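Q: Provided herewith is a single structure, encoded as structure tokens, for subsequent inquiry.
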2 protein chains.
Amino acid sequence: MKTITSKPICKINSAGGVTTPAGYRAGGVHCGIRRKKLDLGWLISDTPATAAAVYTTNQFQAPPLKVTKESIFTAHKIQGVLVNSGVANACTGEKGLQDAYEMRSQFAQTAGIAPEHAAVASTGVIGVPLPVEKISQGLTAFYDEENEGTNRFEKAILTTDTCEKTASVELVIDGKTVTIGGAAKGSGMIDPNMATMLAFLTTDAEVAWESLQNALKEAIDRTFNMITVDGDSSTNDMVLLMANGHAGNHTLHEGHPQWAEFCEALQTLCESLAKSIAKDGEGATKLIEVSVTGAESDAGAKRIGKAIISSNLVKTAVFGSDPNWGRIVCAIGYSNEPVIPEKVDVFLGPVPVVAQGLPLPFDEGAAKEYLNNDTISIHAHLGQGEGEAKAWGCDLTYDYVKINASYRT
Amino acid sequence: MKTITSKPICKINSAGGVTTPAGYRAGGVHCGIRRKKLDLGWLISDTPATAAAVYTTNQFQAPPLKVTKESIFTAHKIQGVLVNSGVANACTGEKGLQDAYEMRSQFAQTAGIAPEHAAVASTGVIGVPLPVEKISQGLTAFYDEENEGTNRFEKAILTTDTCEKTASVELVIDGKTVTIGGAAKGSGMIDPNMATMLAFLTTDAEVAWESLQNALKEAIDRTFNMITVDGDSSTNDMVLLMANGHAGNHTLHEGHPQWAEFCEALQTLCESLAKSIAKDGEGATKLIEVSVTGAESDAGAKRIGKAIISSNLVKTAVFGSDPNWGRIVCAIGYSNEPVIPEKVDVFLGPVPVVAQGLPLPFDEGAAKEYLNNDTISIHAHLGQGEGEAKAWGCDLTYDYVKINASYRT
């Protein structure tokens, strides 16, 4: 599976989520960290699940990530995840680490699982101590039926997101139905500081640990790592994947005949969640999908795709429905990837605007009309090799500036 | 001269410009490429001047840069420069290269200088053929006294700039007064495409060619290469430095006892011009100066400074006068430079906001008041080594989005 196939082997079920796979339950409460919204969510597997995770590369990595990493390292198993929104518990030093351990142990005790099988995550304000008492208070409601429900979990992990981000996919492995579900939140700002990109993925497949980690890493490299809202990667970003084996398939690993299918299904789900994050970027009115083909390598195509999707000039042009091919060509030119200008073609959706590095006469009206859609595709073909990549982002709007400049005023 | 000294050996003369050094004259006309504004400017030295230049690294490098590069390569001398604004002659293929050669030869003939002593530059719309006839027409007015004047040259090179950017410095070398002058234009957009950062520097010093090139390269690395308006580097960027030797000093080179003084003076001038470009960034209301100290290396400090100054979140926070230290810390954290969070201090102007990686209680009001100034300094001290750098940029505002999204609508 070299790149994201255009015809995935499985369909996205946008009604699905983290509890669509067998053996998972979820819930959430309002524990008082945020003013009104749900701010504490949990996700539980009936049995300890093989767990893989990928963490932010930001060097100011938040304490909850350190604690979750330790849990997974101990036995490669996670049975429960507790997530709070409103406070990120980042830049909180030694005290923050103790608080994250306290959050984990209180959750483990309440849920009746081993501490090393418990994961924690936080998202919200940086530099503010974690209100552990409020979390303890919230946990007392853990067994109230009214607090059960996937949707409550999906809501509890959000910050400035305007909607829940959830989906599932299904495929048949060894004659058994295997389901993968997920819930994510976007990277938006919370006054006064960085929030987070979080995704929690669940599957009832039985998967070998190392293979699970490899599959997650590859899926993330092609999906969550290829979205840009404003290029700022947070202190708390994490994607966690649990596999509890309830589907009854033979253990999946690189040697399993259907391994590629599972990886593709996982990637299809991750792409769907990643796109919904990009589309819900702060102030965004349009989802931008950049496709780069004909690059010297996939890695090169990724860097060029990232250069285009990260360009404020491209993002503002899309907002203004301005068929501004020059800004796209320019971004390709400064991406530091070797390109041959005379070989570059650029398309705005169906409209070819550059061929062999030279501008084409095109119908400005048709191009502007295309750019009024809420999903905009930009395709750059470099004519050098087989390297391909996709990247997703959103337009740069007045509301982005408003949300991030005058939120407090 | 490891870094920009806070006390330069020479004062900036903001009334000075490219003709302040001895033996230069300049002028400009309106030749009809732009609607009304001056759009064709020339700069002439009485005698062929030793010339150094640095060109954009964008791989879609425009034809005029190729032609100028060839001129300098031939004899390391330039006597005249012709610059047009309105059309960039970029992405114009083989025809564009012929047009640039034609522009050079017509200018050389008119000015009575050797073609290989002539340089050309263009800035404006990408992908539009150079209107050579209009340039020829403009050149017929080359000897009209009314078209003489530095200010006409300074105006003729501008695009979306809101003001001329010019300055000079003076120092004494070998008992002779040596002057360095310059004029620059900013990197703003012109509908429909990328414009350019151009700077033309002149000095009456006598300087050995290789040394001149080294001095220019080092000055640019610390000044023009450390400004960011929106991070998009153009197809036409160029800085050209001419040294005609009229001052009568002994030839300057690395072995000359006052070499460091000349380099520092050149860097002081470049810093002044670079800051005026950043301050005049599209929609900008504030100049942001980022200082990074205590990094492992100068190169590392540069990358961290660039990460901070390029962050849309930092830029919008400054626009909103929001003392948002978390966004600064976050940018440091994802700069890919090794940092030790527990050692990082951050200052917003005079206000310390982070010490040893932890937030400090600070007076919000005082911080907000500081952020209402039109020049904002952000200082990050990493506590790891001796590496230092400065970077300059501007805030991200509604007007930036307006100029770049709805210019045509």
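Lettering and numbering for the structure tokens are positional, with chains as A, B, ... in the shown order, residues counted from 1 in each chain, and ligands counted from 1 in the shown order.
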I'd like the contact shell of Lys275 in chain B - 12 Å cut-off, only C-alpha atoms, skipping same-chain residues fewer than 4 positions apart - returned as a PyMOL selection string.

A: chain B and resi 165-167+184-186+222-229+267-271+279-281+286-290+375+390-394

Q: What lies within 8 Å of range 47-53 of chain B using only C-alpha atoms, ignoring chain neighbours under 3 positions off, as a VMD selection string?

A: chain B and resid 23 69 72 76 to 79 117 207 to 209 212 to 213 216 238 to 245

Q: For Val318 in chain B, which residue out of A:Val169, A:Val67, A:Ala405, A:Ala265 is the nearest one, using only C-alpha atoms?

A: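 Counting only C-alpha atoms, the residue closest to Val318 in chain B is A:Ala405.
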
Q: Would you give me, as a PDB file with C-alpha atoms, in the first residue's frame, the residues in range 166-378 of chain A that DSSP reads as strand (DSSP E or B)?

A:
ATOM      1  CA  THR A 166     -15.845  10.372  14.832  1.00  0.00           C
ATOM      2  CA  ALA A 167     -16.096   7.450  12.384  1.00  0.00           C
ATOM      3  CA  SER A 168     -15.589   3.709  12.006  1.00  0.00           C
ATOM      4  CA  VAL A 169     -14.677   1.193   9.311  1.00  0.00           C
ATOM      5  CA  GLU A 170     -15.415  -2.506   8.948  1.00  0.00           C
ATOM      6  CA  LEU A 171     -13.747  -5.350   7.111  1.00  0.00           C
ATOM      7  CA  VAL A 172     -13.722  -9.143   7.209  1.00  0.00           C
ATOM      8  CA  ILE A 173     -10.582 -10.932   8.381  1.00  0.00           C
ATOM      9  CA  LYS A 176     -14.724 -12.570  11.126  1.00  0.00           C
ATOM     10  CA  THR A 177     -16.064  -9.022  11.025  1.00  0.00           C
ATOM     11  CA  VAL A 178     -13.401  -6.635  12.297  1.00  0.00           C
ATOM     12  CA  THR A 179     -14.282  -3.053  13.205  1.00  0.00           C
ATOM     13  CA  ILE A 180     -12.027  -0.045  13.809  1.00  0.00           C
ATOM     14  CA  GLY A 181     -13.494   3.093  15.375  1.00  0.00           C
ATOM     15  CA  GLY A 182     -12.176   6.452  16.411  1.00  0.00           C
ATOM     16  CA  ALA A 183     -12.842   9.834  17.973  1.00  0.00           C
ATOM     17  CA  ALA A 184     -10.606  12.869  17.509  1.00  0.00           C
ATOM     18  CA  LYS A 185     -10.334  16.510  18.487  1.00  0.00           C
ATOM     19  CA  MET A 189      -6.356  27.466  20.422  1.00  0.00           C
ATOM     20  CA  ILE A 190      -7.747  27.798  23.865  1.00  0.00           C
ATOM     21  CA  ASN A 193      -2.454  28.871  24.944  1.00  0.00           C
ATOM     22  CA  MET A 194      -1.990  25.878  22.681  1.00  0.00           C
ATOM     23  CA  LEU A 198      -5.934  13.990  20.133  1.00  0.00           C
ATOM     24  CA  ALA A 199      -7.272  10.814  18.547  1.00  0.00           C
ATOM     25  CA  PHE A 200      -8.431   7.636  20.275  1.00  0.00           C
ATOM     26  CA  LEU A 201      -8.775   4.583  18.073  1.00  0.00           C
ATOM     27  CA  THR A 202     -10.313   1.225  19.026  1.00  0.00           C
ATOM     28  CA  THR A 203     -10.520  -2.111  17.255  1.00  0.00           C
ATOM     29  CA  VAL A 207      -3.108  -7.702  16.568  1.00  0.00           C
ATOM     30  CA  ILE A 227      -2.783  18.004   8.096  1.00  0.00           C
ATOM     31  CA  THR A 228      -1.984  21.601   8.869  1.00  0.00           C
ATOM     32  CA  MET A 238      -1.257  12.011  20.912  1.00  0.00           C
ATOM     33  CA  VAL A 239      -2.914   9.222  18.945  1.00  0.00           C
ATOM     34  CA  LEU A 240      -3.725   6.040  20.891  1.00  0.00           C
ATOM     35  CA  LEU A 241      -4.885   2.751  19.355  1.00  0.00           C
ATOM     36  CA  MET A 242      -6.334  -0.166  21.381  1.00  0.00           C
ATOM     37  CA  ALA A 243      -6.901  -3.659  19.978  1.00  0.00           C
ATOM     38  CA  LEU A 252      -2.712 -10.005  12.728  1.00  0.00           C
ATOM     39  CA  LEU A 287     -11.092  22.066   3.339  1.00  0.00           C
ATOM     40  CA  ILE A 288      -8.032  22.104   1.071  1.00  0.00           C
ATOM     41  CA  GLU A 289      -6.696  18.796  -0.248  1.00  0.00           C
ATOM     42  CA  VAL A 290      -3.277  18.929  -1.896  1.00  0.00           C
ATOM     43  CA  SER A 291      -2.149  15.999  -4.042  1.00  0.00           C
ATOM     44  CA  VAL A 292       1.453  15.782  -5.175  1.00  0.00           C
ATOM     45  CA  THR A 293       2.391  13.200  -7.806  1.00  0.00           C
ATOM     46  CA  GLY A 294       5.431  12.478  -9.953  1.00  0.00           C
ATOM     47  CA  ALA A 295       7.917  13.424  -7.227  1.00  0.00           C
ATOM     48  CA  ASP A 345       1.918  20.848 -13.975  1.00  0.00           C
ATOM     49  CA  VAL A 346      -0.653  22.359 -11.609  1.00  0.00           C
ATOM     50  CA  PHE A 347      -4.406  21.812 -11.460  1.00  0.00           C
ATOM     51  CA  LEU A 348      -7.040  23.669  -9.428  1.00  0.00           C
ATOM     52  CA  VAL A 351      -8.883  23.321 -14.150  1.00  0.00           C
ATOM     53  CA  PRO A 352      -5.309  22.973 -15.493  1.00  0.00           C
ATOM     54  CA  VAL A 353      -3.515  26.263 -14.714  1.00  0.00           C
ATOM     55  CA  VAL A 354       0.174  25.424 -15.253  1.00  0.00           C
ATOM     56  CA  ALA A 355       1.713  23.020 -17.786  1.00  0.00           C
ATOM     57  CA  LEU A 358       4.313  27.749 -17.874  1.00  0.00           C
ATOM     58  CA  PRO A 359       0.917  29.369 -17.204  1.00  0.00           C
ATOM     59  CA  THR A 375     -13.623  21.318  -0.517  1.00  0.00           C
ATOM     60  CA  ILE A 376     -10.808  22.522  -2.776  1.00  0.00           C
ATOM     61  CA  SER A 377      -8.360  20.154  -4.444  1.00  0.00           C
ATOM     62  CA  ILE A 378      -4.929  21.342  -5.604  1.00  0.00           C
TER      63      ILE A 378
END

Q: A:Val120, A:Ile126, A:Val18, A:Cys31: which is nearest Gly357 in chain B, counting only C-alpha atoms?

A: A:Ile126

Q: Can you pull out the residues contacting range 94-100 of chain B? Cut-off 7 Å, using only C-alpha atoms, and skip same-chain residues under 6 positions away; I want them as a PyMOL selection string.

A: chain B and resi 63-64+67+129-130+132

Q: Would you save the residues from that selection as a compact mmCIF listing (two decimals), in the first residue's frame, using N, CA and C atoms?

A:
# COMPACT_ATOMS: atom_id res chain seq x y z
N PRO B 63 14.19 34.75 -14.92
CA PRO B 63 15.21 35.06 -15.92
C PRO B 63 16.11 36.25 -15.59
N PRO B 64 15.57 37.40 -15.12
CA PRO B 64 16.48 38.53 -14.87
C PRO B 64 17.62 38.18 -13.91
N VAL B 67 20.33 36.43 -15.86
CA VAL B 67 21.10 37.35 -16.70
C VAL B 67 22.06 38.18 -15.85
N PRO B 129 4.35 37.99 -19.76
CA PRO B 129 5.55 38.35 -20.55
C PRO B 129 6.02 39.77 -20.21
N LEU B 130 7.34 39.98 -20.24
CA LEU B 130 7.90 41.30 -19.98
C LEU B 130 7.56 42.23 -21.15
N VAL B 132 8.68 44.48 -23.22
CA VAL B 132 9.98 45.05 -23.58
C VAL B 132 9.83 46.42 -24.26

Q: In Å, how far is it from CA of Cys91 in chain A to CA of Gly127 in chain A?

A: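 Spanning CA of Cys91 in chain A to CA of Gly127 in chain A is a straight-line distance of 4.9 Å.
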
Q: Counting only C-alpha atoms, which residues in chain A sit no more than 7 Å from chain B? For each one, give the nearest pair of atoms and the distance in Å, sorted by chain then residue number, as a tab-separated table.

A:
residue	atom	partner	partner_atom	distance
A:Thr57	CA	B:Tyr334	CA	6.9
A:Asn58	CA	B:Tyr334	CA	4.7
A:Gln59	CA	B:Gly333	CA	4.6
A:Phe60	CA	B:Gly333	CA	5.5
A:Cys91	CA	B:Leu358	CA	5.7
A:Thr92	CA	B:Leu358	CA	6.4
A:Gly93	CA	B:Leu358	CA	6.8
A:Ile126	CA	B:Gly326	CA	6.2
A:Gly127	CA	B:Pro359	CA	6.0
A:Pro192	CA	B:Asn324	CA	6.0
A:Asn193	CA	B:Gly326	CA	5.1
A:Met194	CA	B:Arg327	CA	6.2
A:Asp230	CA	B:Asn312	CA	6.5
A:Asp232	CA	B:Ala331	CA	6.8
A:Ser233	CA	B:Tyr334	CA	6.4
A:Ser234	CA	B:Cys330	CA	6.5
A:Thr235	CA	B:Cys330	CA	6.7
A:Ser311	CA	B:Asp232	CA	6.9
A:Asn312	CA	B:Asp230	CA	6.5
A:Leu313	CA	B:Asn404	CA	6.7
A:Thr316	CA	B:Ala405	CA	4.7
A:Ala317	CA	B:Ala405	CA	4.9
A:Phe319	CA	B:Ala405	CA	6.0
A:Gly320	CA	B:Ala405	CA	4.2
A:Asn324	CA	B:Pro192	CA	6.0
A:Gly326	CA	B:Asn193	CA	5.1
A:Arg327	CA	B:Asn193	CA	6.0
A:Cys330	CA	B:Ser234	CA	6.5
A:Ala331	CA	B:Asp232	CA	6.8
A:Gly333	CA	B:Gln59	CA	4.6
A:Tyr334	CA	B:Asn58	CA	4.7
A:Pro341	CA	B:Phe60	CA	6.1
A:Gly357	CA	B:Cys91	CA	6.5
A:Leu358	CA	B:Cys91	CA	5.7
A:Pro359	CA	B:Gly127	CA	6.0
A:Thr397	CA	B:Val401	CA	6.3
A:Tyr398	CA	B:Tyr398	CA	5.6
A:Val401	CA	B:Thr316	CA	6.1
A:Asn404	CA	B:Thr316	CA	5.8
A:Ala405	CA	B:Gly320	CA	4.2
A:Ser406	CA	B:Gly320	CA	5.2

Q: Please return, as a PyMOL selection string, all residues of range 151-315 of chain A that DSSP assigns to helix (DSSP H, G or I) on the basis of the backbone.

A: chain A and resi 151-156+209-222+224-226+259-279+298-310+312-315

Q: Set the distance at 10 Å and use only C-alpha atoms: which residues neighbour Val29 in chain B once local chain neighbours fewer than 6 positions away are removed? I'd like the list as a list in words.

A: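 The residues satisfying every condition are Lys37, Leu38, Asp39, Leu40, Gly41, Trp42, Asn84, Ile135, Gly138, Leu139, Ala141, Phe142, Asp144, Glu146, Asn147, Glu148, Arg152, Phe153, Lys155 and Ala156 of chain B.
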
Q: For the selection just defined, write its residues with N, CA, C and O atoms to a file, as a PDB file, in the first residue's frame.

A:
ATOM      1  N   LYS B  37       2.069  54.646 -11.227  1.00  0.00           N
ATOM      2  CA  LYS B  37       3.291  54.797 -10.439  1.00  0.00           C
ATOM      3  C   LYS B  37       4.544  54.620 -11.292  1.00  0.00           C
ATOM      4  O   LYS B  37       4.504  53.990 -12.355  1.00  0.00           O
ATOM      5  N   LEU B  38       5.666  55.181 -10.808  1.00  0.00           N
ATOM      6  CA  LEU B  38       6.962  54.944 -11.442  1.00  0.00           C
ATOM      7  C   LEU B  38       7.206  53.445 -11.483  1.00  0.00           C
ATOM      8  O   LEU B  38       6.905  52.736 -10.523  1.00  0.00           O
ATOM      9  N   ASP B  39       7.718  52.945 -12.598  1.00  0.00           N
ATOM     10  CA  ASP B  39       7.865  51.491 -12.751  1.00  0.00           C
ATOM     11  C   ASP B  39       9.167  51.079 -13.434  1.00  0.00           C
ATOM     12  O   ASP B  39       9.356  49.921 -13.780  1.00  0.00           O
ATOM     13  N   LEU B  40      10.067  52.061 -13.684  1.00  0.00           N
ATOM     14  CA  LEU B  40      11.353  51.720 -14.280  1.00  0.00           C
ATOM     15  C   LEU B  40      12.437  52.611 -13.657  1.00  0.00           C
ATOM     16  O   LEU B  40      12.373  53.837 -13.768  1.00  0.00           O
ATOM     17  N   GLY B  41      13.388  51.973 -12.963  1.00  0.00           N
ATOM     18  CA  GLY B  41      14.421  52.739 -12.265  1.00  0.00           C
ATOM     19  C   GLY B  41      15.810  52.274 -12.649  1.00  0.00           C
ATOM     20  O   GLY B  41      16.002  51.112 -12.995  1.00  0.00           O
ATOM     21  N   TRP B  42      16.772  53.215 -12.635  1.00  0.00           N
ATOM     22  CA  TRP B  42      18.155  52.847 -12.949  1.00  0.00           C
ATOM     23  C   TRP B  42      19.098  53.395 -11.895  1.00  0.00           C
ATOM     24  O   TRP B  42      18.816  54.396 -11.234  1.00  0.00           O
ATOM     25  N   ASN B  84      12.597  47.010 -13.261  1.00  0.00           N
ATOM     26  CA  ASN B  84      11.195  47.367 -13.532  1.00  0.00           C
ATOM     27  C   ASN B  84      10.293  46.745 -12.484  1.00  0.00           C
ATOM     28  O   ASN B  84      10.576  45.675 -11.958  1.00  0.00           O
ATOM     29  N   ILE B 135       9.562  49.166 -21.851  1.00  0.00           N
ATOM     30  CA  ILE B 135      10.856  49.436 -21.222  1.00  0.00           C
ATOM     31  C   ILE B 135      11.737  50.251 -22.185  1.00  0.00           C
ATOM     32  O   ILE B 135      12.352  51.248 -21.794  1.00  0.00           O
ATOM     33  N   GLY B 138      10.547  53.685 -22.097  1.00  0.00           N
ATOM     34  CA  GLY B 138      10.988  54.348 -20.870  1.00  0.00           C
ATOM     35  C   GLY B 138      12.435  54.789 -20.957  1.00  0.00           C
ATOM     36  O   GLY B 138      12.814  55.865 -20.489  1.00  0.00           O
ATOM     37  N   LEU B 139      13.262  53.967 -21.609  1.00  0.00           N
ATOM     38  CA  LEU B 139      14.697  54.279 -21.680  1.00  0.00           C
ATOM     39  C   LEU B 139      14.982  55.524 -22.524  1.00  0.00           C
ATOM     40  O   LEU B 139      16.021  56.166 -22.365  1.00  0.00           O
ATOM     41  N   ALA B 141      13.757  58.218 -22.140  1.00  0.00           N
ATOM     42  CA  ALA B 141      13.759  59.366 -21.220  1.00  0.00           C
ATOM     43  C   ALA B 141      14.948  59.328 -20.267  1.00  0.00           C
ATOM     44  O   ALA B 141      15.025  60.105 -19.315  1.00  0.00           O
ATOM     45  N   PHE B 142      15.888  58.390 -20.527  1.00  0.00           N
ATOM     46  CA  PHE B 142      17.010  58.143 -19.612  1.00  0.00           C
ATOM     47  C   PHE B 142      17.810  59.406 -19.333  1.00  0.00           C
ATOM     48  O   PHE B 142      18.281  59.633 -18.228  1.00  0.00           O
ATOM     49  N   ASP B 144      16.771  62.649 -19.635  1.00  0.00           N
ATOM     50  CA  ASP B 144      16.012  63.837 -19.200  1.00  0.00           C
ATOM     51  C   ASP B 144      16.319  64.142 -17.740  1.00  0.00           C
ATOM     52  O   ASP B 144      16.136  63.271 -16.883  1.00  0.00           O
ATOM     53  N   GLU B 146      14.811  65.755 -15.551  1.00  0.00           N
ATOM     54  CA  GLU B 146      13.661  65.664 -14.629  1.00  0.00           C
ATOM     55  C   GLU B 146      13.482  64.241 -14.091  1.00  0.00           C
ATOM     56  O   GLU B 146      12.845  64.036 -13.063  1.00  0.00           O
ATOM     57  N   ASN B 147      14.069  63.264 -14.799  1.00  0.00           N
ATOM     58  CA  ASN B 147      13.923  61.876 -14.344  1.00  0.00           C
ATOM     59  C   ASN B 147      15.063  61.427 -13.441  1.00  0.00           C
ATOM     60  O   ASN B 147      15.077  60.300 -12.956  1.00  0.00           O
ATOM     61  N   GLU B 148      16.049  62.297 -13.247  1.00  0.00           N
ATOM     62  CA  GLU B 148      17.154  62.000 -12.329  1.00  0.00           C
ATOM     63  C   GLU B 148      16.649  62.063 -10.892  1.00  0.00           C
ATOM     64  O   GLU B 148      15.666  62.753 -10.607  1.00  0.00           O
ATOM     65  N   ARG B 152      13.371  58.891  -7.127  1.00  0.00           N
ATOM     66  CA  ARG B 152      12.626  58.301  -8.249  1.00  0.00           C
ATOM     67  C   ARG B 152      12.997  56.826  -8.411  1.00  0.00           C
ATOM     68  O   ARG B 152      12.156  55.986  -8.715  1.00  0.00           O
ATOM     69  N   PHE B 153      14.290  56.512  -8.198  1.00  0.00           N
ATOM     70  CA  PHE B 153      14.709  55.107  -8.244  1.00  0.00           C
ATOM     71  C   PHE B 153      14.047  54.322  -7.109  1.00  0.00           C
ATOM     72  O   PHE B 153      13.467  53.253  -7.326  1.00  0.00           O
ATOM     73  N   LYS B 155      11.339  54.844  -5.567  1.00  0.00           N
ATOM     74  CA  LYS B 155       9.899  54.662  -5.812  1.00  0.00           C
ATOM     75  C   LYS B 155       9.657  53.631  -6.919  1.00  0.00           C
ATOM     76  O   LYS B 155       8.740  52.819  -6.831  1.00  0.00           O
ATOM     77  N   ALA B 156      10.506  53.689  -7.948  1.00  0.00           N
ATOM     78  CA  ALA B 156      10.260  52.853  -9.138  1.00  0.00           C
ATOM     79  C   ALA B 156      10.372  51.360  -8.849  1.00  0.00           C
ATOM     80  O   ALA B 156       9.812  50.542  -9.582  1.00  0.00           O
TER      81      ALA B 156
END
